[in-house]
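Shown next: coords-v7.cif, given as mmCIF, C-alpha atoms and all ligand atoms.
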data_my_file
#
loop_
_atom_site.label_atom_id
_atom_site.label_comp_id
_atom_site.auth_asym_id
_atom_site.auth_seq_id
_atom_site.Cartn_x
_atom_site.Cartn_y
_atom_site.Cartn_z
CA MET Q 1 6.05 13.43 -23.96
CA SER Q 2 3.09 13.24 -21.62
CA VAL Q 3 2.93 10.27 -19.27
CA PRO Q 4 0.34 9.69 -16.55
CA ARG Q 5 1.40 10.97 -13.15
CA TYR Q 6 0.65 9.74 -9.69
CA LYS Q 7 -1.55 12.43 -8.14
CA TRP Q 8 -0.70 13.08 -4.51
CA GLN Q 9 -3.44 14.38 -2.25
CA PRO Q 10 -2.92 17.94 -0.95
CA THR Q 11 -0.49 18.04 1.97
CA THR Q 12 -1.73 18.46 5.53
CA ARG Q 13 0.07 21.77 5.66
CA ASP Q 14 -1.68 23.06 2.53
CA ILE Q 15 -5.08 21.88 3.78
CA ALA Q 16 -4.59 23.57 7.17
CA ARG Q 17 -3.52 26.79 5.48
CA ASP Q 18 -6.49 26.77 3.08
CA LEU Q 19 -8.98 26.03 5.88
CA GLY Q 20 -7.31 28.46 8.30
CA ILE Q 21 -7.02 25.80 11.02
CA PRO Q 22 -3.99 24.42 12.91
CA GLU Q 23 -2.18 21.53 11.16
CA SER Q 24 -2.64 19.40 14.26
CA THR Q 25 -6.43 19.39 13.80
CA VAL Q 26 -6.32 17.92 10.28
CA VAL Q 27 -6.82 14.13 10.27
CA ARG Q 28 -5.84 12.02 7.27
CA PHE Q 29 -8.45 9.35 6.69
CA ASP Q 30 -7.17 9.06 3.11
CA HIS Q 31 -3.58 7.77 3.46
CA ASN Q 32 -4.03 4.35 5.11
CA THR Q 33 -1.20 5.09 7.51
CA SER Q 34 -0.97 4.21 11.20
CA PRO Q 35 -2.30 6.93 13.53
CA TYR Q 36 0.34 6.18 16.19
CA PRO Q 37 3.73 7.96 16.02
CA PRO Q 38 6.61 5.48 16.62
CA GLU Q 39 7.88 6.81 19.97
CA TRP Q 40 10.72 4.23 19.97
CA ALA Q 41 12.21 5.70 16.76
CA ALA Q 42 13.72 8.85 18.28
CA ALA Q 43 16.78 7.16 19.84
CA PRO Q 44 17.94 5.09 16.82
CA ALA Q 45 17.24 8.06 14.50
CA ALA Q 46 19.41 10.32 16.67
CA ALA Q 47 22.24 7.75 16.69
CA ALA Q 48 22.06 7.40 12.90
CA ALA Q 49 22.01 11.19 12.52
CA ARG Q 50 25.55 11.33 13.90
CA ARG Q 51 26.76 9.41 10.82
CA LEU Q 52 24.96 11.54 8.23
CA ASN Q 53 28.20 13.03 6.89
CA GLU Q 54 28.88 9.68 5.19
CA TYR Q 55 27.03 7.82 2.40
CA PRO Q 56 25.14 4.72 3.50
CA GLY Q 57 26.44 1.29 2.41
CA ALA Q 58 25.42 1.15 -1.22
CA ASN Q 59 24.14 -2.44 -1.13
CA TYR Q 60 21.85 -1.96 1.92
CA LEU Q 61 23.11 -5.31 3.22
CA PRO Q 62 22.00 -4.82 6.88
CA LEU Q 63 18.51 -3.91 5.64
CA ARG Q 64 18.40 -6.94 3.32
CA GLU Q 65 19.47 -9.13 6.25
CA ALA Q 66 16.82 -7.72 8.61
CA ALA Q 67 14.08 -8.11 5.99
CA ALA Q 68 15.25 -11.67 5.28
CA ARG Q 69 15.12 -12.55 9.01
CA TYR Q 70 11.64 -11.09 9.25
CA VAL Q 71 10.22 -12.90 6.20
CA GLY Q 72 12.21 -16.14 6.57
CA VAL Q 73 14.26 -16.05 3.36
CA GLU Q 74 17.91 -15.37 2.45
CA PRO Q 75 19.26 -11.79 2.09
CA THR Q 76 19.83 -12.59 -1.61
CA ASN Q 77 16.04 -12.89 -1.92
CA VAL Q 78 15.46 -9.28 -0.79
CA ALA Q 79 15.45 -6.14 -2.94
CA PRO Q 80 15.03 -3.01 -0.78
CA GLY Q 81 13.45 0.18 -2.06
CA ALA Q 82 12.21 3.60 -0.97
CA GLY Q 83 8.76 2.18 -0.21
CA VAL Q 84 6.79 -0.36 -2.21
CA ASP Q 85 6.22 2.50 -4.62
CA GLU Q 86 9.86 2.37 -5.67
CA ILE Q 87 9.74 -1.43 -5.95
CA ILE Q 88 6.74 -1.10 -8.30
CA LEU Q 89 8.63 1.42 -10.46
CA LEU Q 90 11.75 -0.79 -10.46
CA ALA Q 91 9.65 -3.82 -11.42
CA ALA Q 92 8.18 -1.90 -14.36
CA ARG Q 93 11.66 -0.92 -15.51
CA ALA Q 94 13.01 -4.45 -15.06
CA PHE Q 95 10.17 -6.52 -16.52
CA LEU Q 96 8.19 -4.19 -18.79
CA GLY Q 97 8.87 -1.78 -21.65
CA PRO Q 98 7.56 -1.05 -25.16
CA SER Q 99 5.76 -4.05 -26.71
CA ARG Q 100 5.42 -5.67 -23.29
CA ARG Q 101 2.16 -5.95 -21.41
CA SER Q 102 0.95 -5.84 -17.86
CA VAL Q 103 -2.39 -6.86 -16.43
CA THR Q 104 -4.29 -6.05 -13.26
CA SER Q 105 -7.85 -5.71 -12.01
CA ALA Q 106 -9.73 -2.47 -11.39
CA PRO Q 107 -10.24 -0.84 -8.98
CA THR Q 108 -6.77 -1.32 -7.54
CA TYR Q 109 -3.69 0.69 -6.62
CA PRO Q 110 -3.22 3.25 -9.45
CA LEU Q 111 0.59 3.17 -9.52
CA TYR Q 112 0.64 -0.12 -11.49
CA ARG Q 113 -1.01 1.60 -14.44
CA ILE Q 114 1.25 4.62 -14.15
CA ALA Q 115 4.43 2.54 -13.81
CA ALA Q 116 3.51 0.53 -16.93
CA ALA Q 117 2.75 3.71 -18.91
CA GLN Q 118 6.02 5.35 -17.84
CA VAL Q 119 8.02 2.56 -19.50
CA GLY Q 120 5.80 2.46 -22.62
CA ALA Q 121 4.15 -0.89 -21.88
CA ASP Q 122 0.58 -1.89 -22.72
CA HIS Q 123 -1.58 -2.17 -19.65
CA LEU Q 124 -4.86 -4.06 -19.31
CA GLU Q 125 -7.23 -3.46 -16.40
CA ILE Q 126 -9.95 -6.03 -15.89
CA PRO Q 127 -12.95 -4.41 -14.18
CA ALA Q 128 -14.41 -5.94 -11.06
CA ALA Q 129 -18.17 -5.73 -10.69
CA GLY Q 130 -19.99 -3.96 -7.88
CA PRO Q 131 -21.31 -4.06 -5.27
CA SER Q 132 -18.44 -6.17 -3.84
CA PHE Q 133 -15.79 -5.29 -6.47
CA ALA Q 134 -14.28 -8.73 -5.85
CA GLN Q 135 -11.16 -9.28 -7.94
CA PRO Q 136 -12.13 -11.13 -11.16
CA VAL Q 137 -9.85 -14.13 -10.62
CA ASP Q 138 -10.97 -16.19 -13.65
CA ALA Q 139 -10.52 -13.24 -16.02
CA LEU Q 140 -7.11 -12.48 -14.48
CA VAL Q 141 -6.07 -16.11 -15.00
CA ASP Q 142 -7.09 -15.90 -18.68
CA ALA Q 143 -5.29 -12.59 -19.25
CA ALA Q 144 -2.19 -13.72 -17.34
CA ALA Q 145 -1.26 -16.16 -20.10
CA ASP Q 146 0.28 -13.41 -22.24
CA ALA Q 147 1.25 -10.95 -19.51
CA ASP Q 148 4.85 -9.99 -18.82
CA VAL Q 149 3.69 -8.68 -15.43
CA VAL Q 150 0.52 -9.34 -13.44
CA TRP Q 151 0.05 -6.82 -10.64
CA LEU Q 152 -1.87 -8.36 -7.79
CA CYS Q 153 -2.80 -6.35 -4.71
CA VAL Q 154 -3.53 -8.54 -1.64
CA PRO Q 155 -5.39 -7.19 0.32
CA ASN Q 156 -6.60 -4.99 -2.47
CA ASN Q 157 -6.61 -1.22 -2.17
CA PRO Q 158 -9.20 0.41 -2.25
CA THR Q 159 -11.64 -2.44 -1.50
CA GLY Q 160 -9.88 -4.21 1.38
CA GLU Q 161 -10.67 -7.58 -0.23
CA ARG Q 162 -8.12 -10.34 0.39
CA ILE Q 163 -8.27 -13.05 -2.28
CA ASP Q 164 -7.32 -16.44 -0.90
CA ILE Q 165 -4.06 -18.26 -1.41
CA ALA Q 166 -5.63 -20.76 -3.86
CA ALA Q 167 -6.66 -17.87 -6.15
CA VAL Q 168 -3.19 -16.30 -5.84
CA GLU Q 169 -1.56 -19.64 -6.79
CA GLU Q 170 -3.90 -19.99 -9.76
CA ILE Q 171 -2.95 -16.54 -11.07
CA VAL Q 172 0.76 -17.09 -10.43
CA ASN Q 173 0.70 -20.42 -12.26
CA ALA Q 174 -1.11 -18.87 -15.23
CA THR Q 175 1.21 -15.85 -15.55
CA ALA Q 176 3.63 -15.98 -18.47
CA GLY Q 177 6.04 -13.49 -16.88
CA VAL Q 178 6.31 -12.18 -13.33
CA THR Q 179 3.55 -11.83 -10.73
CA VAL Q 180 4.15 -8.75 -8.59
CA LEU Q 181 2.15 -9.35 -5.43
CA ASP Q 182 1.73 -6.07 -3.60
CA ALA Q 183 1.43 -7.12 0.04
CA ALA Q 184 1.55 -3.59 1.49
CA TYR Q 185 -1.20 -4.54 3.97
CA ALA Q 186 0.09 -8.08 4.69
CA GLU Q 187 0.81 -7.35 8.35
CA ILE Q 188 -2.72 -6.13 8.92
CA ALA Q 189 -4.19 -9.15 7.12
CA GLY Q 190 -1.81 -11.51 8.97
CA ASP Q 191 -0.40 -12.83 5.69
CA ARG Q 192 3.01 -14.51 5.31
CA TRP Q 193 4.17 -15.18 1.77
CA ALA Q 194 7.56 -16.93 2.29
CA ASP Q 195 6.18 -20.29 1.10
CA LEU Q 196 4.78 -18.77 -2.08
CA VAL Q 197 8.18 -17.24 -2.87
CA ALA Q 198 9.97 -20.51 -2.06
CA GLY Q 199 7.73 -22.41 -4.46
CA HIS Q 200 7.82 -19.99 -7.40
CA ASP Q 201 10.78 -18.29 -9.11
CA ASP Q 202 8.52 -15.79 -10.84
CA VAL Q 203 6.76 -14.12 -7.89
CA LEU Q 204 7.90 -10.87 -6.34
CA VAL Q 205 6.15 -10.13 -3.04
CA CYS Q 206 6.32 -6.46 -2.02
CA HIS Q 207 6.35 -5.48 1.66
CA THR Q 208 6.35 -2.06 3.26
CA LEU Q 209 7.28 -0.48 6.56
CA SER Q 210 4.57 2.17 5.91
CA LYS Q 211 1.40 0.40 7.06
CA GLY Q 212 1.39 -2.19 9.88
CA PHE Q 213 4.87 -1.10 11.01
CA GLY Q 214 3.73 2.54 11.13
CA LEU Q 215 6.80 4.11 9.48
CA ALA Q 216 5.33 5.72 6.35
CA GLY Q 217 7.54 8.80 6.67
CA ALA Q 218 10.71 6.70 6.55
CA ARG Q 219 9.89 5.46 3.02
CA VAL Q 220 11.17 1.89 3.15
CA GLY Q 221 9.85 -1.24 1.49
CA PHE Q 222 11.29 -4.36 -0.05
CA GLY Q 223 10.56 -6.98 -2.69
CA VAL Q 224 11.04 -10.67 -1.88
CA GLY Q 225 11.66 -13.13 -4.68
CA SER Q 226 14.11 -15.46 -6.39
CA GLU Q 227 17.73 -14.34 -6.75
CA ALA Q 228 17.12 -13.76 -10.47
CA LEU Q 229 14.23 -11.35 -9.79
CA VAL Q 230 16.17 -9.53 -7.08
CA ASP Q 231 19.14 -9.21 -9.40
CA ALA Q 232 16.90 -7.78 -12.15
CA LEU Q 233 15.64 -5.10 -9.73
CA ASP Q 234 19.16 -4.34 -8.47
CA ALA Q 235 20.24 -3.78 -12.08
CA VAL Q 236 17.83 -0.84 -12.53
CA ARG Q 237 17.85 0.71 -9.06
CA PRO Q 238 18.98 4.30 -8.58
CA PRO Q 239 22.05 4.67 -6.37
CA GLY Q 240 21.23 5.45 -2.74
CA SER Q 241 17.48 6.09 -2.74
CA ILE Q 242 17.10 4.81 0.83
CA ALA Q 243 18.49 7.23 3.42
CA GLU Q 244 20.66 5.82 6.21
CA VAL Q 245 18.28 7.04 8.93
CA SER Q 246 15.37 5.31 7.20
CA SER Q 247 17.35 2.12 6.83
CA VAL Q 248 18.28 2.12 10.52
CA LEU Q 249 14.65 2.65 11.57
CA ALA Q 250 13.42 -0.09 9.23
CA ILE Q 251 15.98 -2.57 10.61
CA ASP Q 252 14.96 -1.73 14.18
CA ALA Q 253 11.29 -2.16 13.30
CA LEU Q 254 11.85 -5.48 11.50
CA ASP Q 255 13.91 -6.81 14.41
CA HIS Q 256 11.09 -5.96 16.86
CA PRO Q 257 8.00 -7.37 15.13
CA GLU Q 258 6.17 -7.42 18.48
CA ARG Q 259 5.74 -3.63 18.20
CA MET Q 260 4.10 -4.06 14.80
CA THR Q 261 1.90 -6.88 16.12
CA ALA Q 262 0.67 -4.67 18.97
CA ASN Q 263 -0.01 -1.82 16.54
CA VAL Q 264 -1.91 -4.11 14.18
CA HIS Q 265 -3.92 -5.54 17.07
CA ARG Q 266 -5.27 -2.15 18.09
CA LEU Q 267 -5.99 -1.19 14.46
CA VAL Q 268 -7.89 -4.40 13.80
CA THR Q 269 -9.90 -4.00 17.03
CA GLU Q 270 -10.72 -0.43 16.05
CA ARG Q 271 -11.62 -1.50 12.49
CA THR Q 272 -14.41 -3.70 13.87
CA ARG Q 273 -15.77 -0.83 15.97
CA LEU Q 274 -15.55 1.73 13.14
CA ALA Q 275 -17.15 -0.66 10.62
CA GLY Q 276 -20.07 -1.22 13.02
CA SER Q 277 -20.57 2.50 13.59
CA LEU Q 278 -20.42 3.28 9.84
CA ALA Q 279 -22.98 0.54 9.18
CA ASP Q 280 -25.19 2.04 11.90
CA LEU Q 281 -25.13 5.29 9.92
CA GLY Q 282 -26.67 3.40 7.01
CA PHE Q 283 -23.59 2.90 4.84
CA ALA Q 284 -22.83 -0.43 3.14
CA VAL Q 285 -19.37 -1.26 4.50
CA LEU Q 286 -17.28 -3.71 2.45
CA PRO Q 287 -15.45 -6.41 4.47
CA SER Q 288 -11.80 -5.37 4.82
CA ALA Q 289 -8.59 -7.22 5.68
CA ALA Q 290 -6.67 -3.93 5.65
CA ASN Q 291 -6.60 -0.73 7.74
CA PHE Q 292 -9.30 1.03 5.73
CA LEU Q 293 -12.98 0.61 4.99
CA LEU Q 294 -14.63 1.20 1.62
CA CYS Q 295 -18.25 2.26 2.04
CA HIS Q 296 -21.10 2.71 -0.38
CA ILE Q 297 -22.55 6.08 0.62
CA GLY Q 298 -24.84 6.94 -2.28
CA PRO Q 299 -25.15 9.96 -4.60
CA THR Q 300 -24.24 12.35 -1.76
CA ALA Q 301 -20.74 10.84 -1.32
CA GLY Q 302 -19.01 13.85 -2.87
CA SER Q 303 -20.87 16.46 -0.83
CA ILE Q 304 -20.31 14.47 2.38
CA ALA Q 305 -16.57 14.34 1.58
CA ASP Q 306 -16.63 18.12 1.04
CA ALA Q 307 -18.38 18.70 4.37
CA LEU Q 308 -15.88 16.48 6.19
CA PHE Q 309 -13.00 18.25 4.45
CA ALA Q 310 -14.30 21.62 5.65
CA ARG Q 311 -13.94 20.22 9.19
CA GLY Q 312 -10.33 19.13 8.58
CA LEU Q 313 -11.24 15.45 8.07
CA VAL Q 314 -9.75 14.26 4.78
CA VAL Q 315 -11.31 11.10 3.31
CA ARG Q 316 -10.63 9.27 0.06
CA ARG Q 317 -13.14 9.98 -2.67
CA PHE Q 318 -13.27 8.61 -6.20
CA PRO Q 319 -13.79 10.17 -9.63
CA SER Q 320 -17.36 11.12 -10.48
CA GLY Q 321 -18.70 9.01 -13.32
CA GLY Q 322 -16.45 6.10 -12.24
CA PRO Q 323 -17.57 2.84 -10.62
CA LEU Q 324 -16.73 4.09 -7.11
CA ALA Q 325 -18.27 7.55 -7.48
CA GLU Q 326 -20.79 6.80 -4.72
CA HIS Q 327 -18.16 5.40 -2.36
CA LEU Q 328 -15.78 6.84 0.23
CA ARG Q 329 -12.78 5.09 1.78
CA PHE Q 330 -11.92 5.72 5.43
CA THR Q 331 -8.59 4.85 7.02
CA VAL Q 332 -8.99 3.25 10.44
CA ARG Q 333 -7.37 5.69 12.86
CA SER Q 334 -7.33 5.99 16.66
CA PRO Q 335 -10.65 5.66 18.56
CA ARG Q 336 -10.53 9.38 19.35
CA GLU Q 337 -9.96 10.42 15.72
CA ASP Q 338 -12.58 7.95 14.48
CA ASP Q 339 -15.06 9.37 16.99
CA ARG Q 340 -14.44 12.80 15.48
CA LEU Q 341 -15.19 11.38 12.04
CA LEU Q 342 -18.36 9.66 13.26
CA ALA Q 343 -19.60 12.79 15.05
CA ALA Q 344 -18.98 14.86 11.91
CA LEU Q 345 -20.81 12.30 9.77
CA ARG Q 346 -23.81 12.38 12.12
CA GLU Q 347 -23.82 16.15 11.89
CA VAL Q 348 -23.56 16.18 8.11
CA LEU Q 349 -26.11 13.47 7.32
C1 LIG S 1 -1.48 -1.18 -2.34
C2 LIG S 1 -0.41 -0.20 -2.00
N1 LIG S 1 0.84 -0.41 -2.43
C3 LIG S 1 1.82 0.45 -2.14
C4 LIG S 1 1.59 1.57 -1.40
C5 LIG S 1 2.73 2.51 -1.12
O1 LIG S 1 3.52 1.93 -0.13
P1 LIG S 1 4.90 2.60 0.31
O2 LIG S 1 4.59 3.61 1.35
O3 LIG S 1 5.68 1.44 0.82
O4 LIG S 1 5.52 3.19 -0.92
C6 LIG S 1 0.32 1.85 -0.93
C7 LIG S 1 0.05 3.07 -0.14
O5 LIG S 1 -1.04 3.45 0.17
C8 LIG S 1 -0.72 0.94 -1.23
O6 LIG S 1 -1.97 1.15 -0.82
#
How would this structure read if it were set down as structure tokens?
Ligand SMILES: Cc1ncc(COP(=O)(O)O)c(C=O)c1O
Amino acid sequence: MSVPRYKWQPTTRDIARDLGIPESTVVRFDHNTSPYPPEWAAAPAAAAARRLNEYPGANYLPLREAAARYVGVEPTNVAPGAGVDEIILLAARAFLGPSRRSVTSAPTYPLYRIAAAQVGADHLEIPAAGPSFAQPVDALVDAAADADVVWLCVPNNPTGERIDIAAVEEIVNATAGVTVLDAAYAEIAGDRWADLVAGHDDVLVCHTLSKGFGLAGARVGFGVGSEALVDALDAVRPPGSIAEVSSVLAIDALDHPERMTANVHRLVTERTRLAGSLADLGFAVLPSAANFLLCHIGPTAGSIADALFARGLVVRRFPSGGPLAEHLRFTVRSPREDDRLLAALREVL
């Protein structure tokens, strides 16, 4: 049986080897991760490493409690996972299957489509129109009426658009089944969704430690929803997919949100600067509430991406022939790394 696969970008190691350059000179403008290594993580990781001979607690209770404190819900409202990616796959297993149907807009995060296909569900993507690629809220509301799952990405990847709370409520109220609200970039957008979850039993809000918290390598995320939704995810979870070290780091990060806030502050400041500089180069930069910028480049987008790649600067490109073929997406990184990108772009253009 052939099912669609999530296609990972080449690893930094492979890129460095192919280009014949040191790994440390490759910069990932395609992963939407934080450019700042979490210096604080070394001590708690070392302490947790001393317990690695034992299995972690199978119910992840300390992690559920930390996530609940952070969001402002009860631990019974939290379903942890190895990143939001695992929560998406668990949600597909719990709420979809053959003869069920999920709905989302396009472009959006590709794993929703893949997760639905992996469990044999129908999947409808409602296209958003350029040049803004704003999520088609009215069409989503119409399609939600017979959807078992609506996947809603807020802010949306790859556009950076953040639909407002009124539009989210409208979609949630129209959805026959469960709305899975992927809030991977919530910290960067400054969004809090506890009230939405409190008011609706059929919304699962997915958070990650990978973006604003800057812990992508730890692979921790969690879904927040009613006890019934959390129980449905727990019923299909694999045993022990979150490593103890990762759990310990996530708890430490969630209990010190001021570190995340400081990280987000510098990323948002840098986003404004980078957006201005990209616009000065003549690109149409879409407004973004996340840590990346989608730009309309024109027919040369692919060759510009190639030229950047040859310099060790990896940007996100999109399939030729598709609606975003003339676009590139740039992760906001540190001022120094972004300056390298801008200098390379000036050279290439
Ligand atoms: C919208 C969206 N959801 C989920 C993820 C994956 O998050 P995690 O690292 O928590 O699995 C990403 C990563 O880029 C993303 O953009």
Nearest to ligand LIG 1 (chain S), chosen from Q:Thr261, Q:Thr269, Q:Thr175, Q:Asn32, with all atoms listed in the file counted in the distances: Q:Asn32
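Nearest to ligand LIG 1 (chain S) of all the residues Q:Leu281, Q:Ile251, Q:Leu89, Q:Val268 is Q:Leu89, counting only C-alpha atoms and all ligand atoms.
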Mind checking which residues fall within 7 Å of range 183-189 of chain Q, counting only C-alpha atoms, ignoring those fewer than 2 positions away in the same chain, and posting them as an MDAnalysis selection string? chainID Q and resid 153:155 181 191 205:208 211:212 264 289:291
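The closest residue to Ile87 in chain Q, picked from Q:Leu52, Q:Leu233, Q:Ala67, Q:Ala174 and counting all atoms listed in the file, is Q:Leu233.
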Site check for ligand LIG 1 (chain S): residues at most 9 Å away, only C-alpha atoms and all ligand atoms, as a ChimeraX atom specification: /Q:30-33,81-88,108-111,153-158,182-185,206-211,215-222
Could you write out the selected residues, including C-alpha atoms, as a PDB file, keeping the file's coordinate frame?
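Saved as selection-v7.pdb:
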ATOM      1  CA  ASP Q  30      -7.170   9.060   3.110  1.00  0.00           C
ATOM      2  CA  HIS Q  31      -3.580   7.770   3.460  1.00  0.00           C
ATOM      3  CA  ASN Q  32      -4.030   4.350   5.110  1.00  0.00           C
ATOM      4  CA  THR Q  33      -1.200   5.090   7.510  1.00  0.00           C
ATOM      5  CA  GLY Q  81      13.450   0.180  -2.060  1.00  0.00           C
ATOM      6  CA  ALA Q  82      12.210   3.600  -0.970  1.00  0.00           C
ATOM      7  CA  GLY Q  83       8.760   2.180  -0.210  1.00  0.00           C
ATOM      8  CA  VAL Q  84       6.790  -0.360  -2.210  1.00  0.00           C
ATOM      9  CA  ASP Q  85       6.220   2.500  -4.620  1.00  0.00           C
ATOM     10  CA  GLU Q  86       9.860   2.370  -5.670  1.00  0.00           C
ATOM     11  CA  ILE Q  87       9.740  -1.430  -5.950  1.00  0.00           C
ATOM     12  CA  ILE Q  88       6.740  -1.100  -8.300  1.00  0.00           C
ATOM     13  CA  THR Q 108      -6.770  -1.320  -7.540  1.00  0.00           C
ATOM     14  CA  TYR Q 109      -3.690   0.690  -6.620  1.00  0.00           C
ATOM     15  CA  PRO Q 110      -3.220   3.250  -9.450  1.00  0.00           C
ATOM     16  CA  LEU Q 111       0.590   3.170  -9.520  1.00  0.00           C
ATOM     17  CA  CYS Q 153      -2.800  -6.350  -4.710  1.00  0.00           C
ATOM     18  CA  VAL Q 154      -3.530  -8.540  -1.640  1.00  0.00           C
ATOM     19  CA  PRO Q 155      -5.390  -7.190   0.320  1.00  0.00           C
ATOM     20  CA  ASN Q 156      -6.600  -4.990  -2.470  1.00  0.00           C
ATOM     21  CA  ASN Q 157      -6.610  -1.220  -2.170  1.00  0.00           C
ATOM     22  CA  PRO Q 158      -9.200   0.410  -2.250  1.00  0.00           C
ATOM     23  CA  ASP Q 182       1.730  -6.070  -3.600  1.00  0.00           C
ATOM     24  CA  ALA Q 183       1.430  -7.120   0.040  1.00  0.00           C
ATOM     25  CA  ALA Q 184       1.550  -3.590   1.490  1.00  0.00           C
ATOM     26  CA  TYR Q 185      -1.200  -4.540   3.970  1.00  0.00           C
ATOM     27  CA  CYS Q 206       6.320  -6.460  -2.020  1.00  0.00           C
ATOM     28  CA  HIS Q 207       6.350  -5.480   1.660  1.00  0.00           C
ATOM     29  CA  THR Q 208       6.350  -2.060   3.260  1.00  0.00           C
ATOM     30  CA  LEU Q 209       7.280  -0.480   6.560  1.00  0.00           C
ATOM     31  CA  SER Q 210       4.570   2.170   5.910  1.00  0.00           C
ATOM     32  CA  LYS Q 211       1.400   0.400   7.060  1.00  0.00           C
ATOM     33  CA  LEU Q 215       6.800   4.110   9.480  1.00  0.00           C
ATOM     34  CA  ALA Q 216       5.330   5.720   6.350  1.00  0.00           C
ATOM     35  CA  GLY Q 217       7.540   8.800   6.670  1.00  0.00           C
ATOM     36  CA  ALA Q 218      10.710   6.700   6.550  1.00  0.00           C
ATOM     37  CA  ARG Q 219       9.890   5.460   3.020  1.00  0.00           C
ATOM     38  CA  VAL Q 220      11.170   1.890   3.150  1.00  0.00           C
ATOM     39  CA  GLY Q 221       9.850  -1.240   1.490  1.00  0.00           C
ATOM     40  CA  PHE Q 222      11.290  -4.360  -0.050  1.00  0.00           C
TER      41      PHE Q 222
END
Mind dumping a table of every range 81-162 of chain Q residue within 9 Å of range 2-16 of chain Q, with the nearest atom pair and its distance in Å to one decimal, using all atoms listed in the file, sorted by chain and rising number, as CSV?
residue,atom,partner,partner_atom,distance
Q:Pro110,CA,Q:Tyr6,CA,7.6
Q:Leu111,CA,Q:Tyr6,CA,6.6
Q:Arg113,CA,Q:Pro4,CA,8.5
Q:Ile114,CA,Q:Pro4,CA,5.7
Q:Ala115,CA,Q:Pro4,CA,8.7
Q:Ala117,CA,Q:Val3,CA,6.6
Q:Gln118,CA,Q:Val3,CA,6.0
Q:Gly120,CA,Q:Val3,CA,9.0
In Å, how far is it from CA of Leu152 in chain Q to CA of Asp231 in chain Q?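 Those two atoms sit 21.1 Å apart.
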Given only C-alpha atoms as the basis, pick out the residue of Q:Glu244, Q:Asp280, Q:Glu347, Q:Glu270 nearest to Leu63 in chain Q.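 Selected residue with least distance to Leu63 in chain Q: Q:Glu244.
Rounded to one decimal, CA of Thr179 in chain Q and CA of Cys295 in chain Q lie 28.9 Å from each other.
We find CA of His123 in chain Q and CA of Ser102 in chain Q to be spaced 4.8 Å apart.
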Which residue is closest to Arg316 in chain Q? Choose from Q:Ile21, Q:Arg28, Q:Pro98, Q:Gly240 and count all atoms listed in the file.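 Among the listed residues, the smallest separation from Arg316 in chain Q belongs to Q:Arg28.
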Contact residues around Ala310 in chain Q with all atoms listed in the file at 12 Å, ignoring same-chain residues under 2 positions, as a list in words: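 With the cut-off at 12 Å, the set is Ile15, Ala16, Arg17, Asp18, Leu19, Gly20, Ile21, Thr25, Val26, Val27, Ser303, Ile304, Ala305, Asp306, Ala307, Leu308, Gly312, Leu313, Val314, Val315, Ala344 and Val348 of chain Q.
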Residue selection dump (C-alpha atoms) as a PDB file, in the frame of the given file:
ATOM      1  CA  ILE Q  15      -5.080  21.880   3.780  1.00  0.00           C
ATOM      2  CA  ALA Q  16      -4.590  23.570   7.170  1.00  0.00           C
ATOM      3  CA  ARG Q  17      -3.520  26.790   5.480  1.00  0.00           C
ATOM      4  CA  ASP Q  18      -6.490  26.770   3.080  1.00  0.00           C
ATOM      5  CA  LEU Q  19      -8.980  26.030   5.880  1.00  0.00           C
ATOM      6  CA  GLY Q  20      -7.310  28.460   8.300  1.00  0.00           C
ATOM      7  CA  ILE Q  21      -7.020  25.800  11.020  1.00  0.00           C
ATOM      8  CA  THR Q  25      -6.430  19.390  13.800  1.00  0.00           C
ATOM      9  CA  VAL Q  26      -6.320  17.920  10.280  1.00  0.00           C
ATOM     10  CA  VAL Q  27      -6.820  14.130  10.270  1.00  0.00           C
ATOM     11  CA  SER Q 303     -20.870  16.460  -0.830  1.00  0.00           C
ATOM     12  CA  ILE Q 304     -20.310  14.470   2.380  1.00  0.00           C
ATOM     13  CA  ALA Q 305     -16.570  14.340   1.580  1.00  0.00           C
ATOM     14  CA  ASP Q 306     -16.630  18.120   1.040  1.00  0.00           C
ATOM     15  CA  ALA Q 307     -18.380  18.700   4.370  1.00  0.00           C
ATOM     16  CA  LEU Q 308     -15.880  16.480   6.190  1.00  0.00           C
ATOM     17  CA  GLY Q 312     -10.330  19.130   8.580  1.00  0.00           C
ATOM     18  CA  LEU Q 313     -11.240  15.450   8.070  1.00  0.00           C
ATOM     19  CA  VAL Q 314      -9.750  14.260   4.780  1.00  0.00           C
ATOM     20  CA  VAL Q 315     -11.310  11.100   3.310  1.00  0.00           C
ATOM     21  CA  ALA Q 344     -18.980  14.860  11.910  1.00  0.00           C
ATOM     22  CA  VAL Q 348     -23.560  16.180   8.110  1.00  0.00           C
TER      23      VAL Q 348
END
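Take the candidates Q:Phe330, Q:Tyr55, Q:Phe213, Q:Tyr112 and check each one against Leu254 in chain Q using only C-alpha atoms; the shortest distance goes to Q:Phe213.
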Exercise: residues within 12 Å of coordinate (5.2, -16.2, 3.2), counting all atoms listed in the file, as a count of residues only: 28
If you take every atom of range 276-289 of chain Q that the file lists and fit an axis-aligned box around them with 6 Å extra on each side, what centre and edge lengths come out in Å to one decimal, as AutoDock Vina command-line options?
--center_x -17.6 --center_y -1.0 --center_z 8.0 --size_x 30.1 --size_y 24.5 --size_z 23.1
Could you check which residues have any atom within 8 Å of (-19.9, 13.8, -6.1), counting only C-alpha atoms with coordinates taken straight from the file, and then list them as a list in words? Pro299, Thr300, Ala301, Gly302, Ser303, Pro319, Ser320, Ala325 and Glu326 of chain Q
Val332 in chain Q environment, 8 Å, only C-alpha atoms, sequence neighbours closer than 4 positions dropped, as a PyMOL selection string: chain Q and resi 29+32+267+270-271+274+291-293+338
